[in-house]
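*Asks:* I'm passing along work_24.pdb; it holds PDB, C-alpha atoms.
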ATOM      1  CA  MET A   1      10.003 -16.883  17.170
ATOM      2  CA  ARG A   2      11.941 -15.903  14.062
ATOM      3  CA  ARG A   3      12.748 -18.840  11.801
ATOM      4  CA  LYS A   4      16.215 -19.630  10.538
ATOM      5  CA  ALA A   5      17.104 -17.799   7.313
ATOM      6  CA  GLY A   6      16.712 -20.028   4.274
ATOM      7  CA  SER A   7      14.621 -22.630   6.063
ATOM      8  CA  LEU A   8      11.151 -23.433   4.777
ATOM      9  CA  VAL A   9       7.972 -23.643   6.828
ATOM     10  CA  PRO A  10       5.627 -26.601   6.204
ATOM     11  CA  LEU A  11       3.262 -24.572   4.013
ATOM     12  CA  GLU A  12       6.145 -23.441   1.788
ATOM     13  CA  LEU A  13       7.308 -27.046   1.454
ATOM     14  CA  SER A  14       3.766 -28.080   0.533
ATOM     15  CA  ILE A  15       3.507 -25.322  -2.078
ATOM     16  CA  LEU A  16       6.819 -26.311  -3.670
ATOM     17  CA  GLU A  17       5.965 -30.001  -3.672
ATOM     18  CA  ALA A  18       2.502 -29.451  -5.098
ATOM     19  CA  GLY A  19       3.881 -27.003  -7.678
ATOM     20  CA  ILE A  20       6.525 -29.475  -8.843
ATOM     21  CA  GLU A  21       3.992 -32.276  -8.956
ATOM     22  CA  LEU A  22       1.759 -30.138 -11.154
ATOM     23  CA  VAL A  23       4.691 -29.612 -13.533
ATOM     24  CA  VAL A  24       5.164 -33.392 -13.720
ATOM     25  CA  ARG A  25       1.459 -33.693 -14.531
ATOM     26  CA  GLY A  26       1.865 -31.213 -17.376
ATOM     27  CA  ALA A  27       0.726 -27.973 -15.712
ATOM     28  CA  PRO A  28       3.779 -25.706 -15.484
ATOM     29  CA  TYR A  29       1.814 -22.842 -13.918
ATOM     30  CA  PHE A  30      -0.575 -22.785 -10.995
ATOM     31  CA  HIS A  31      -2.827 -20.188  -9.422
ATOM     32  CA  GLY A  32      -3.631 -19.637  -5.765
ATOM     33  CA  PHE A  33      -6.847 -21.627  -5.590
ATOM     34  CA  LEU A  34      -5.386 -24.533  -7.564
ATOM     35  CA  ILE A  35      -2.439 -24.877  -5.204
ATOM     36  CA  ALA A  36      -4.768 -24.625  -2.186
ATOM     37  CA  ARG A  37      -6.842 -27.466  -3.637
ATOM     38  CA  GLU A  38      -3.744 -29.563  -4.389
ATOM     39  CA  ILE A  39      -2.458 -29.114  -0.834
ATOM     40  CA  LYS A  40      -5.846 -30.027   0.613
ATOM     41  CA  GLU A  41      -5.975 -33.220  -1.431
ATOM     42  CA  ARG A  42      -2.349 -34.173  -0.765
ATOM     43  CA  GLU A  43      -2.650 -33.650   2.961
ATOM     44  CA  ASP A  44      -6.203 -34.894   3.197
ATOM     45  CA  ALA A  45      -7.073 -31.677   5.037
ATOM     46  CA  ARG A  46     -10.621 -30.719   5.927
ATOM     47  CA  LEU A  47     -10.276 -27.120   4.763
ATOM     48  CA  LEU A  48      -8.515 -25.263   1.995
ATOM     49  CA  THR A  49      -5.596 -23.099   3.180
ATOM     50  CA  ALA A  50      -6.828 -19.744   4.490
ATOM     51  CA  HIS A  51      -6.608 -16.823   2.071
ATOM     52  CA  GLY A  52      -4.279 -14.751   4.249
ATOM     53  CA  THR A  53      -1.932 -17.643   5.041
ATOM     54  CA  LEU A  54      -1.740 -18.819   1.427
ATOM     55  CA  TYR A  55      -1.225 -15.481  -0.317
ATOM     56  CA  LYS A  56       1.196 -14.207   2.296
ATOM     57  CA  ALA A  57       3.278 -17.363   1.780
ATOM     58  CA  LEU A  58       3.134 -17.016  -2.021
ATOM     59  CA  ASP A  59       4.199 -13.362  -1.752
ATOM     60  CA  ARG A  60       7.059 -14.228   0.600
ATOM     61  CA  MET A  61       8.241 -17.104  -1.599
ATOM     62  CA  GLN A  62       8.176 -14.921  -4.673
ATOM     63  CA  LYS A  63      10.279 -12.273  -2.924
ATOM     64  CA  ALA A  64      12.708 -15.020  -1.885
ATOM     65  CA  GLY A  65      13.002 -16.124  -5.527
ATOM     66  CA  LEU A  66      11.463 -19.568  -4.904
ATOM     67  CA  LEU A  67       8.509 -18.771  -7.169
ATOM     68  CA  GLU A  68       7.914 -16.414 -10.038
ATOM     69  CA  SER A  69       4.578 -15.113 -11.197
ATOM     70  CA  GLU A  70       2.840 -13.345 -14.028
ATOM     71  CA  TRP A  71      -0.705 -12.177 -14.576
ATOM     72  CA  GLU A  72      -2.775 -14.068 -17.075
ATOM     73  CA  ASP A  73      -3.840 -12.282 -20.248
ATOM     74  CA  PRO A  74      -7.091 -10.489 -19.274
ATOM     75  CA  VAL A  75      -8.567 -11.158 -22.713
ATOM     76  CA  ALA A  76      -8.119 -14.915 -22.291
ATOM     77  CA  ALA A  77      -9.708 -14.784 -18.834
ATOM     78  CA  ALA A  78     -12.610 -12.650 -20.093
ATOM     79  CA  ALA A  79     -13.193 -15.113 -22.915
ATOM     80  CA  GLU A  80     -13.768 -17.783 -20.260
ATOM     81  CA  GLY A  81     -15.938 -15.415 -18.238
ATOM     82  CA  ARG A  82     -13.779 -15.366 -15.092
ATOM     83  CA  PRO A  83     -11.359 -13.005 -13.343
ATOM     84  CA  ARG A  84      -7.765 -13.232 -14.502
ATOM     85  CA  ARG A  85      -5.457 -15.490 -12.573
ATOM     86  CA  ARG A  86      -2.029 -14.810 -11.181
ATOM     87  CA  LEU A  87       0.040 -17.702 -12.455
ATOM     88  CA  TYR A  88       2.975 -18.982 -10.389
ATOM     89  CA  ARG A  89       5.840 -21.248 -11.320
ATOM     90  CA  VAL A  90       8.465 -22.913  -9.134
ATOM     91  CA  THR A  91      11.915 -21.566  -9.988
ATOM     92  CA  ALA A  92      15.200 -23.481 -10.028
ATOM     93  CA  ALA A  93      15.970 -21.875  -6.659
ATOM     94  CA  GLY A  94      12.644 -23.203  -5.372
ATOM     95  CA  GLU A  95      13.471 -26.721  -6.540
ATOM     96  CA  ALA A  96      16.912 -26.488  -4.936
ATOM     97  CA  ALA A  97      15.438 -25.205  -1.656
ATOM     98  CA  LEU A  98      12.990 -28.103  -1.602
ATOM     99  CA  ALA A  99      15.744 -30.610  -2.315
ATOM    100  CA  THR A 100      17.877 -29.132   0.495
ATOM    101  CA  ALA A 101      14.963 -29.160   2.921
ATOM    102  CA  ARG A 102      14.094 -32.747   2.084
ATOM    103  CA  ALA A 103      17.703 -34.048   2.160
ATOM    104  CA  PRO A 104      17.925 -34.654   5.965
ATOM    105  CA  GLU A 105      14.583 -36.474   5.821
ATOM    106  CA  ARG A 106      15.864 -38.718   3.034
ATOM    107  CA  VAL A 107      19.078 -39.450   4.946
ATOM    108  CA  GLY A 108      17.031 -40.197   8.065
ATOM    109  CA  ALA A 109      14.724 -42.502   6.147
ATOM    110  CA  THR A 110      17.671 -44.371   4.575
ATOM    111  CA  LEU A 111      19.340 -44.806   7.961
ATOM    112  CA  THR A 112      16.107 -46.079   9.484
ATOM    113  CA  ARG A 113      15.711 -48.532   6.625
ATOM    114  CA  GLU A 114      19.302 -49.768   7.007
ATOM    115  CA  THR A 115      19.597 -49.892  10.786
ATOM    116  CA  GLY A 116      16.000 -50.148  11.893
ATOM    117  CA  PRO A 117      14.187 -47.696  14.167
ATOM    118  CA  VAL A 118      16.076 -46.490  17.267
ATOM    119  CA  THR A 119      14.534 -47.903  20.441
ATOM    120  CA  SER A 120      15.473 -46.965  23.980
TER     121      SER A 120
ATOM    122  CA  MET B   1     -25.768 -18.011  -5.773
ATOM    123  CA  SER B   2     -27.361 -18.586  -2.370
ATOM    124  CA  ALA B   3     -27.747 -15.735   0.091
ATOM    125  CA  ALA B   4     -25.310 -17.327   2.561
ATOM    126  CA  LEU B   5     -22.649 -17.721  -0.125
ATOM    127  CA  ALA B   6     -23.213 -14.180  -1.374
ATOM    128  CA  VAL B   7     -22.790 -12.859   2.177
ATOM    129  CA  SER B   8     -19.592 -14.795   2.883
ATOM    130  CA  VAL B   9     -18.066 -13.844  -0.494
ATOM    131  CA  GLY B  10     -19.056 -10.213   0.152
ATOM    132  CA  MET B  11     -17.456 -10.365   3.598
ATOM    133  CA  ALA B  12     -14.234 -11.806   2.196
ATOM    134  CA  ARG B  13     -14.116  -9.099  -0.483
ATOM    135  CA  SER B  14     -14.872  -6.343   2.030
ATOM    136  CA  TRP B  15     -12.146  -7.570   4.352
ATOM    137  CA  VAL B  16      -9.583  -7.512   1.513
ATOM    138  CA  ALA B  17     -10.744  -4.028   0.520
ATOM    139  CA  LEU B  18     -10.312  -2.904   4.130
ATOM    140  CA  TYR B  19      -6.843  -4.239   4.838
ATOM    141  CA  THR B  20      -5.458  -3.135   1.487
ATOM    142  CA  LEU B  21      -6.672   0.458   1.953
ATOM    143  CA  ARG B  22      -3.982   3.090   1.478
ATOM    144  CA  LEU B  23      -1.474   0.622   0.042
ATOM    145  CA  PRO B  24       0.142   1.562  -3.282
ATOM    146  CA  LEU B  25      -2.279   1.010  -6.172
ATOM    147  CA  GLU B  26      -0.271  -1.827  -7.722
ATOM    148  CA  VAL B  27      -0.024  -3.841  -4.471
ATOM    149  CA  ARG B  28      -3.650  -3.163  -3.584
ATOM    150  CA  GLU B  29      -5.022  -4.192  -6.976
ATOM    151  CA  ALA B  30      -2.845  -7.294  -7.115
ATOM    152  CA  ARG B  31      -4.107  -8.598  -3.776
ATOM    153  CA  ARG B  32      -7.749  -7.749  -4.510
ATOM    154  CA  SER B  33      -7.623  -9.376  -7.970
ATOM    155  CA  GLU B  34      -5.945 -12.464  -6.581
ATOM    156  CA  ILE B  35      -8.579 -12.974  -3.880
ATOM    157  CA  ASP B  36     -11.349 -12.228  -6.406
ATOM    158  CA  SER B  37      -9.978 -14.930  -8.669
ATOM    159  CA  ASP B  38      -9.663 -17.373  -5.757
ATOM    160  CA  LEU B  39     -13.271 -16.755  -4.653
ATOM    161  CA  TRP B  40     -14.534 -17.170  -8.195
ATOM    162  CA  GLU B  41     -12.625 -20.449  -8.697
ATOM    163  CA  GLN B  42     -13.927 -21.833  -5.407
ATOM    164  CA  GLN B  43     -17.539 -21.011  -6.260
ATOM    165  CA  TRP B  44     -17.169 -22.327  -9.796
ATOM    166  CA  LEU B  45     -15.706 -25.630  -8.621
ATOM    167  CA  ALA B  46     -18.350 -26.020  -5.912
ATOM    168  CA  ALA B  47     -21.101 -25.382  -8.463
ATOM    169  CA  ARG B  48     -19.582 -27.848 -10.924
ATOM    170  CA  ARG B  49     -19.306 -30.550  -8.276
ATOM    171  CA  GLY B  50     -22.782 -29.782  -6.986
ATOM    172  CA  ASP B  51     -21.509 -29.017  -3.459
ATOM    173  CA  PRO B  52     -24.127 -27.480  -1.162
ATOM    174  CA  ALA B  53     -23.907 -23.680  -1.302
ATOM    175  CA  PHE B  54     -24.147 -23.369   2.475
ATOM    176  CA  GLY B  55     -21.088 -25.594   2.955
ATOM    177  CA  THR B  56     -19.141 -23.514   0.420
ATOM    178  CA  ALA B  57     -20.243 -20.342   2.222
ATOM    179  CA  ILE B  58     -18.937 -21.707   5.534
ATOM    180  CA  GLU B  59     -15.639 -22.708   3.910
ATOM    181  CA  VAL B  60     -15.175 -19.272   2.321
ATOM    182  CA  LEU B  61     -15.878 -17.642   5.688
ATOM    183  CA  ALA B  62     -13.499 -20.002   7.499
ATOM    184  CA  ARG B  63     -10.720 -19.339   4.972
ATOM    185  CA  MET B  64     -11.180 -15.620   5.505
ATOM    186  CA  LEU B  65     -11.292 -15.788   9.305
ATOM    187  CA  LEU B  66      -8.367 -18.206   9.672
ATOM    188  CA  GLY B  67      -6.224 -15.928   7.518
ATOM    189  CA  VAL B  68      -6.970 -12.681   9.331
ATOM    190  CA  PHE B  69      -3.781 -12.707  11.412
ATOM    191  CA  SER B  70      -1.632 -13.362   8.321
ATOM    192  CA  ASP B  71      -3.496 -10.627   6.448
ATOM    193  CA  ILE B  72      -2.754  -8.126   9.211
ATOM    194  CA  THR B  73       0.940  -9.002   9.400
ATOM    195  CA  TRP B  74       1.193  -8.926   5.576
ATOM    196  CA  ARG B  75      -0.491  -5.507   5.584
ATOM    197  CA  ALA B  76       1.988  -4.211   8.153
ATOM    198  CA  GLN B  77       4.924  -5.444   6.074
ATOM    199  CA  ALA B  78       3.516  -4.146   2.780
ATOM    200  CA  GLY B  79       2.783  -0.764   4.391
ATOM    201  CA  ALA B  80       6.298  -0.504   5.814
ATOM    202  CA  SER B  81       7.788  -1.457   2.455
ATOM    203  CA  ALA B  82       5.653   1.154   0.659
ATOM    204  CA  ARG B  83       6.677   3.849   3.150
ATOM    205  CA  GLN B  84      10.329   2.956   2.643
ATOM    206  CA  ASP B  85       9.947   3.133  -1.163
ATOM    207  CA  ARG B  86       8.274   6.514  -0.823
ATOM    208  CA  ARG B  87      11.059   7.782   1.441
ATOM    209  CA  ILE B  88      13.688   6.668  -1.081
ATOM    210  CA  LYS B  89      11.803   8.457  -3.878
ATOM    211  CA  MET B  90      11.489  11.587  -1.751
ATOM    212  CA  ASN B  91      15.184  11.552  -0.881
ATOM    213  CA  ALA B  92      16.009  11.142  -4.572
ATOM    214  CA  SER B  93      14.035  14.263  -5.368
ATOM    215  CA  MET B  94      15.215  16.208  -2.315
ATOM    216  CA  ASN B  95      17.619  18.316  -4.367
ATOM    217  CA  GLU B  96      15.202  20.997  -5.380
ATOM    218  CA  SER B  97      15.685  22.886  -8.581
ATOM    219  CA  TRP B  98      17.243  26.336  -8.349
ATOM    220  CA  TYR B  99      14.083  28.079  -9.538
ATOM    221  CA  MET B 100      11.952  26.254  -6.964
ATOM    222  CA  ARG B 101      14.373  27.327  -4.242
ATOM    223  CA  GLY B 102      14.226  30.894  -5.607
ATOM    224  CA  LEU B 103      10.428  30.874  -5.616
ATOM    225  CA  LEU B 104      10.390  29.499  -2.100
ATOM    226  CA  ALA B 105      12.775  32.207  -0.889
ATOM    227  CA  LEU B 106      10.658  34.868  -2.612
ATOM    228  CA  GLY B 107       7.489  33.486  -1.014
ATOM    229  CA  VAL B 108       9.000  33.354   2.456
ATOM    230  CA  VAL B 109      10.391  36.904   2.118
ATOM    231  CA  LEU B 110       6.949  38.084   0.993
ATOM    232  CA  ALA B 111       5.283  36.338   3.924
ATOM    233  CA  LEU B 112       7.757  37.906   6.342
ATOM    234  CA  LEU B 113       7.021  41.304   4.754
ATOM    235  CA  PHE B 114       3.353  40.631   5.555
ATOM    236  CA  VAL B 115       4.384  40.089   9.167
ATOM    237  CA  VAL B 116       6.437  43.305   9.292
ATOM    238  CA  PHE B 117       3.654  45.204   7.554
ATOM    239  CA  ALA B 118       1.032  43.857   9.975
ATOM    240  CA  ILE B 119       3.184  44.572  13.048
ATOM    241  CA  GLY B 120       3.742  48.095  11.724
ATOM    242  CA  GLY B 121      -0.025  48.488  11.342
ATOM    243  CA  ALA B 122      -0.601  47.277  14.896
ATOM    244  CA  VAL B 123       1.995  49.635  16.379
ATOM    245  CA  ASP B 124       0.590  52.529  14.353
ATOM    246  CA  ALA B 125      -2.943  51.731  15.564
ATOM    247  CA  LEU B 126      -1.805  51.632  19.196
ATOM    248  CA  ILE B 127       0.121  54.918  18.950
ATOM    249  CA  ASP B 128      -2.608  56.707  17.094
ATOM    250  CA  SER B 129      -5.313  57.243  19.660
ATOM    251  CA  ASP B 130      -7.869  57.905  16.906
ATOM    252  CA  THR B 131      -7.567  54.329  15.668
ATOM    253  CA  ALA B 132      -9.708  51.689  17.320
ATOM    254  CA  ASP B 133      -8.102  48.830  19.279
ATOM    255  CA  SER B 134      -9.875  46.332  17.025
ATOM    256  CA  GLU B 135      -7.737  47.501  14.120
ATOM    257  CA  ALA B 136      -4.634  46.790  16.138
ATOM    258  CA  ALA B 137      -5.974  43.322  16.927
ATOM    259  CA  ILE B 138      -6.658  42.656  13.248
ATOM    260  CA  ALA B 139      -3.129  43.736  12.397
ATOM    261  CA  VAL B 140      -1.696  41.320  14.991
ATOM    262  CA  VAL B 141      -3.797  38.492  13.550
ATOM    263  CA  GLY B 142      -2.503  39.589  10.132
ATOM    264  CA  ALA B 143       1.031  39.062  11.419
ATOM    265  CA  PHE B 144       0.087  35.496  12.380
ATOM    266  CA  ALA B 145      -1.387  35.010   8.907
ATOM    267  CA  GLY B 146       1.965  36.049   7.424
ATOM    268  CA  LEU B 147       3.755  33.589   9.713
ATOM    269  CA  ALA B 148       1.301  30.859   8.656
ATOM    270  CA  VAL B 149       2.144  31.525   4.993
ATOM    271  CA  ALA B 150       5.883  31.304   5.689
ATOM    272  CA  ALA B 151       5.483  28.106   7.752
ATOM    273  CA  GLY B 152       3.180  26.587   5.141
ATOM    274  CA  LEU B 153       5.620  27.279   2.330
ATOM    275  CA  LEU B 154       8.452  25.656   4.244
ATOM    276  CA  ALA B 155       6.290  22.643   5.232
ATOM    277  CA  SER B 156       4.658  22.120   1.836
ATOM    278  CA  ARG B 157       7.214  19.563   0.686
ATOM    279  CA  ARG B 158       7.100  17.173   3.635
ATOM    280  CA  THR B 159       3.474  17.717   4.710
ATOM    281  CA  PRO B 160       1.803  18.889   1.490
ATOM    282  CA  VAL B 161      -1.813  19.139   2.637
ATOM    283  CA  LEU B 162      -0.984  20.974   5.855
ATOM    284  CA  GLY B 163       1.474  23.245   4.034
ATOM    285  CA  ILE B 164      -0.931  24.198   1.235
ATOM    286  CA  CYS B 165      -3.773  24.742   3.724
ATOM    287  CA  LEU B 166      -1.605  27.005   5.898
ATOM    288  CA  VAL B 167      -0.483  29.053   2.895
ATOM    289  CA  ALA B 168      -4.027  29.302   1.513
ATOM    290  CA  ALA B 169      -5.561  30.241   4.871
ATOM    291  CA  GLY B 170      -2.850  32.790   5.662
ATOM    292  CA  ALA B 171      -2.771  34.377   2.203
ATOM    293  CA  ILE B 172      -6.562  34.592   1.856
ATOM    294  CA  PHE B 173      -6.913  35.950   5.374
ATOM    295  CA  PHE B 174      -4.226  38.550   4.743
ATOM    296  CA  ALA B 175      -5.789  39.615   1.418
ATOM    297  CA  THR B 176      -9.173  39.936   3.139
ATOM    298  CA  ILE B 177      -8.134  42.031   6.146
ATOM    299  CA  PHE B 178      -6.102  44.367   3.974
ATOM    300  CA  TYR B 179      -8.972  44.574   1.513
ATOM    301  CA  TRP B 180      -8.005  47.990   0.165
ATOM    302  CA  MET B 181      -4.999  46.258  -1.432
ATOM    303  CA  LEU B 182      -7.086  43.458  -3.007
ATOM    304  CA  ILE B 183      -5.859  44.230  -6.509
ATOM    305  CA  VAL B 184      -2.350  43.307  -5.355
ATOM    306  CA  GLY B 185      -3.344  40.920  -2.552
ATOM    307  CA  ILE B 186      -5.274  38.400  -4.648
ATOM    308  CA  PRO B 187      -2.545  37.769  -7.265
ATOM    309  CA  ILE B 188       0.048  37.487  -4.485
ATOM    310  CA  ALA B 189      -2.168  35.017  -2.579
ATOM    311  CA  VAL B 190      -2.649  32.925  -5.726
ATOM    312  CA  ALA B 191       1.082  32.995  -6.435
ATOM    313  CA  LEU B 192       1.923  31.860  -2.886
ATOM    314  CA  ILE B 193      -0.571  28.993  -3.032
ATOM    315  CA  ALA B 194       0.867  27.997  -6.424
ATOM    316  CA  ILE B 195       4.409  27.936  -4.986
ATOM    317  CA  ALA B 196       3.236  25.660  -2.136
ATOM    318  CA  PHE B 197       1.374  23.431  -4.608
ATOM    319  CA  PHE B 198       4.308  22.991  -6.999
ATOM    320  CA  ARG B 199       6.690  22.465  -4.110
ATOM    321  CA  ALA B 200       4.417  19.690  -2.823
ATOM    322  CA  ARG B 201       4.209  18.155  -6.313
ATOM    323  CA  SER B 202       7.970  18.134  -6.636
ATOM    324  CA  GLY B 203       8.083  16.015  -3.463
ATOM    325  CA  GLY B 204       5.870  13.299  -4.986
ATOM    326  CA  TRP B 205       2.477  14.557  -3.765
ATOM    327  CA  PRO B 206      -0.188  13.288  -4.100
ATOM    328  CA  ARG B 207       0.831   9.767  -3.059
ATOM    329  CA  GLY B 208       1.715   7.681  -6.044
ATOM    330  CA  ALA B 209       2.582  10.662  -8.246
ATOM    331  CA  THR B 210       6.035  10.596  -9.730
ATOM    332  CA  PRO B 211       8.205  13.277  -8.145
ATOM    333  CA  ARG B 212       8.983  16.047 -10.620
ATOM    334  CA  PRO B 213      12.606  15.841 -11.719
ATOM    335  CA  SER B 214      14.725  18.621 -10.333
ATOM    336  CA  GLY B 215      16.454  20.832 -12.841
TER     337      GLY B 215
END
As structure tokens - that is how I would like this structure written.
*Replies:*
Amino acid sequence: MRRKAGSLVPLELSILEAGIELVVRGAPYFHGFLIAREIKEREDARLLTAHGTLYKALDRMQKAGLLESEWEDPVAAAAEGRPRRRLYRVTAAGEAALATARAPERVGATLTRETGPVTS
Amino acid sequence: MSAALAVSVGMARSWVALYTLRLPLEVREARRSEIDSDLWEQQWLAARRGDPAFGTAIEVLARMLLGVFSDITWRAQAGASARQDRRIKMNASMNESWYMRGLLALGVVLALLFVVFAIGGAVDALIDSDTADSEAAIAVVGAFAGLAVAAGLLASRRTPVLGICLVAAGAIFFATIFYWMLIVGIPIAVALIAIAFFRARSGGWPRGATPRPSG
């Protein structure tokens, strides 16, 4: 089934949330493995997100303008003796998309708080 | 690194190498480097935390296997996108330069002359009872060689390898069967192959090469 244009799938929401949280914690950029680890910890998952699922989502989100990326300086990576990382950052459009996606949930939560849960 | 971890990392790397085959260099290298980095970070973290290597190996394998479907669909999309980019580039360079068109016309005319010449030879051999039938047969095959050169020249832009091969096979065959004209045949064969080659190059062949600007 094709999803509605502009809507975010759960993994995309998780990436945006984890990315923004990393910014709050003072890490403006993240790489694939770091975000997979963040999502695993946040969601208390047993496994890290699969390679294919994660990098396909990152690619798709970048094309949609929700993320932007740049390759790390190879010299800096070589100095630390590791392969260079592709560093991602959540864009303003990404933050807006997350806020839009979370808005109905917030409204729902407020209503539930004010009126109590609906029982039949 | 334990053997199990080495095997699972090797499998993950091999799988990436497989599904990124024949993608444009930039896309291919980006995906391979990204997975390489991910695998390295996972191993490094596991080693730092003192996680058992076998558990890490299983997790690497699971991450690879659970992502296979996404990898395949991503590959299909990336391939389609690359083909579309290539088509746009080809269309942009479709207006061939006047000299390339002139060379092509010259080559095709020459190839058709081969055909006429070969048919003439065949007819002559059949009329002249002193000439063996095999000579007539060679002349007919020579006519096909001429047609192959003409077809190859025309096809060299869209299907470069097939076009160049057809021109080369036809021209070399023609030069060989009419060996008494080798001194003329060889330079003409080389010139025809060169026309096919430069025509293919102007269409962006080999893949990834920048199409030659048309004049």
*Asks:* Suppose you want the space between CA of Val184 in chain B and CA of Ser156 in chain B; what is it in Å?
*Replies:*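 So the answer is 23.4 Å.
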*Asks:* Taking the file as I've supplied it (selection: the ChimeraX specification (/B :<10) & /A), which residues are included? Please answer as a PyMOL selection string.
*Replies:* chain A and resi 31-34+36-37+46-57+59-60+71+82-87
*Asks:* Write a file of the selected residues as a compact mmCIF listing (two decimals), keeping the file's coordinate frame, keeping C-alpha atoms.
*Replies:*
# COMPACT_ATOMS: atom_id res chain seq x y z
CA HIS A 31 -2.83 -20.19 -9.42
CA GLY A 32 -3.63 -19.64 -5.76
CA PHE A 33 -6.85 -21.63 -5.59
CA LEU A 34 -5.39 -24.53 -7.56
CA ALA A 36 -4.77 -24.62 -2.19
CA ARG A 37 -6.84 -27.47 -3.64
CA ARG A 46 -10.62 -30.72 5.93
CA LEU A 47 -10.28 -27.12 4.76
CA LEU A 48 -8.52 -25.26 2.00
CA THR A 49 -5.60 -23.10 3.18
CA ALA A 50 -6.83 -19.74 4.49
CA HIS A 51 -6.61 -16.82 2.07
CA GLY A 52 -4.28 -14.75 4.25
CA THR A 53 -1.93 -17.64 5.04
CA LEU A 54 -1.74 -18.82 1.43
CA TYR A 55 -1.23 -15.48 -0.32
CA LYS A 56 1.20 -14.21 2.30
CA ALA A 57 3.28 -17.36 1.78
CA ASP A 59 4.20 -13.36 -1.75
CA ARG A 60 7.06 -14.23 0.60
CA TRP A 71 -0.70 -12.18 -14.58
CA ARG A 82 -13.78 -15.37 -15.09
CA PRO A 83 -11.36 -13.00 -13.34
CA ARG A 84 -7.76 -13.23 -14.50
CA ARG A 85 -5.46 -15.49 -12.57
CA ARG A 86 -2.03 -14.81 -11.18
CA LEU A 87 0.04 -17.70 -12.46
*Asks:* So, counting only C-alpha atoms, which residue among A:Glu72, A:Leu66, A:Pro104, A:Arg89 is closest to Leu13 in chain A?
*Replies:* A:Leu66
*Asks:* Can you translate the PyMOL selection byres ((chain B and resi 167-178) around 7) into the concrete residues it hits in this file, as an MDAnalysis selection string?
*Replies:* chainID B and resid 142 145:146 148:149 152:153 163:166 179:182 185:186 189 192:193
*Asks:* The residues within 12 Å of (7.0, 1.7, 0.6), using all atoms listed in the file and the coordinates of the file, should be reported as a list in words; which are they?
*Replies:* Arg22, Leu23, Pro24, Leu25, Glu26, Val27, Arg75, Ala76, Gln77, Ala78, Gly79, Ala80, Ser81, Ala82, Arg83, Gln84, Asp85, Arg86, Arg87, Ile88, Lys89, Met90, Arg207 and Gly208 of chain B
*Asks:* Could you spell out the hits of the PyMOL selection byres ((chain A and resi 67) around 6) on the shown file, as a CSV table (one decimal) with C-alpha atoms, in the frame of the given file?
*Replies:*
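And here's expr35.csv as it stands now:
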chain,number,residue,atom,x,y,z
A,61,MET,CA,8.2,-17.1,-1.6
A,62,GLN,CA,8.2,-14.9,-4.7
A,65,GLY,CA,13.0,-16.1,-5.5
A,66,LEU,CA,11.5,-19.6,-4.9
A,68,GLU,CA,7.9,-16.4,-10.0
A,89,ARG,CA,5.8,-21.2,-11.3
A,90,VAL,CA,8.5,-22.9,-9.1
A,91,THR,CA,11.9,-21.6,-10.0
*Asks:* Work out how far apart CA of Ala4 in chain B and CA of Ala53 in chain B are and give it in Å to one decimal.
*Replies:* 7.6 Å
*Asks:* Quick one: what's the axis-aligned box for range 20-29 of chain B, all listed atoms, 4 Å on every side, centre and edges in Å to one decimal, as AutoDock Vina command-line options?
*Replies:*
--center_x -3.3 --center_y -0.6 --center_z -2.9 --size_x 14.8 --size_y 15.3 --size_z 17.7
*Asks:* Between CA of Thr159 in chain B and CA of Ala139 in chain B, what is the distance, to one decimal in Å?
*Replies:* 27.9 Å
*Asks:* Given the point (7.9, -25.5, -2.5) in the coordinates of this file, which residues lie within 9 Å, counting only C-alpha atoms, and how would they look as number ranges by chain?
*Replies:* A: 8, 11-20, 61, 66-67, 90, 94-95, 97-98
*Asks:* For the residues in that selection, give me C-alpha atoms as a tab-separated table (two decimals), in the frame of the given file.
*Replies:*
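Writing done, so here's part-v4.tsv:
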chain	number	residue	atom	x	y	z
A	8	LEU	CA	11.15	-23.43	4.78
A	11	LEU	CA	3.26	-24.57	4.01
A	12	GLU	CA	6.14	-23.44	1.79
A	13	LEU	CA	7.31	-27.05	1.45
A	14	SER	CA	3.77	-28.08	0.53
A	15	ILE	CA	3.51	-25.32	-2.08
A	16	LEU	CA	6.82	-26.31	-3.67
A	17	GLU	CA	5.96	-30.00	-3.67
A	18	ALA	CA	2.50	-29.45	-5.10
A	19	GLY	CA	3.88	-27.00	-7.68
A	20	ILE	CA	6.52	-29.48	-8.84
A	61	MET	CA	8.24	-17.10	-1.60
A	66	LEU	CA	11.46	-19.57	-4.90
A	67	LEU	CA	8.51	-18.77	-7.17
A	90	VAL	CA	8.46	-22.91	-9.13
A	94	GLY	CA	12.64	-23.20	-5.37
A	95	GLU	CA	13.47	-26.72	-6.54
A	97	ALA	CA	15.44	-25.20	-1.66
A	98	LEU	CA	12.99	-28.10	-1.60
*Asks:* Dump C-alpha atoms of range 180-195 of chain B from the given block, as a tab-separated table (two decimals), in the first residue's frame.
*Replies:*
chain	number	residue	atom	x	y	z
B	180	TRP	CA	44.43	-8.17	-52.74
B	181	MET	CA	43.15	-4.73	-51.71
B	182	LEU	CA	44.65	-4.91	-48.19
B	183	ILE	CA	46.66	-1.72	-48.65
B	184	VAL	CA	43.36	0.15	-49.01
B	185	GLY	CA	41.19	-2.23	-46.97
B	186	ILE	CA	43.06	-1.97	-43.67
B	187	PRO	CA	43.05	1.86	-43.41
B	188	ILE	CA	39.37	1.90	-44.39
B	189	ALA	CA	38.56	-0.76	-41.76
B	190	VAL	CA	40.43	1.23	-39.10
B	191	ALA	CA	38.66	4.42	-40.13
B	192	LEU	CA	35.23	2.76	-39.93
B	193	ILE	CA	35.94	1.32	-36.48
B	194	ALA	CA	37.16	4.76	-35.37
B	195	ILE	CA	33.92	6.38	-36.60
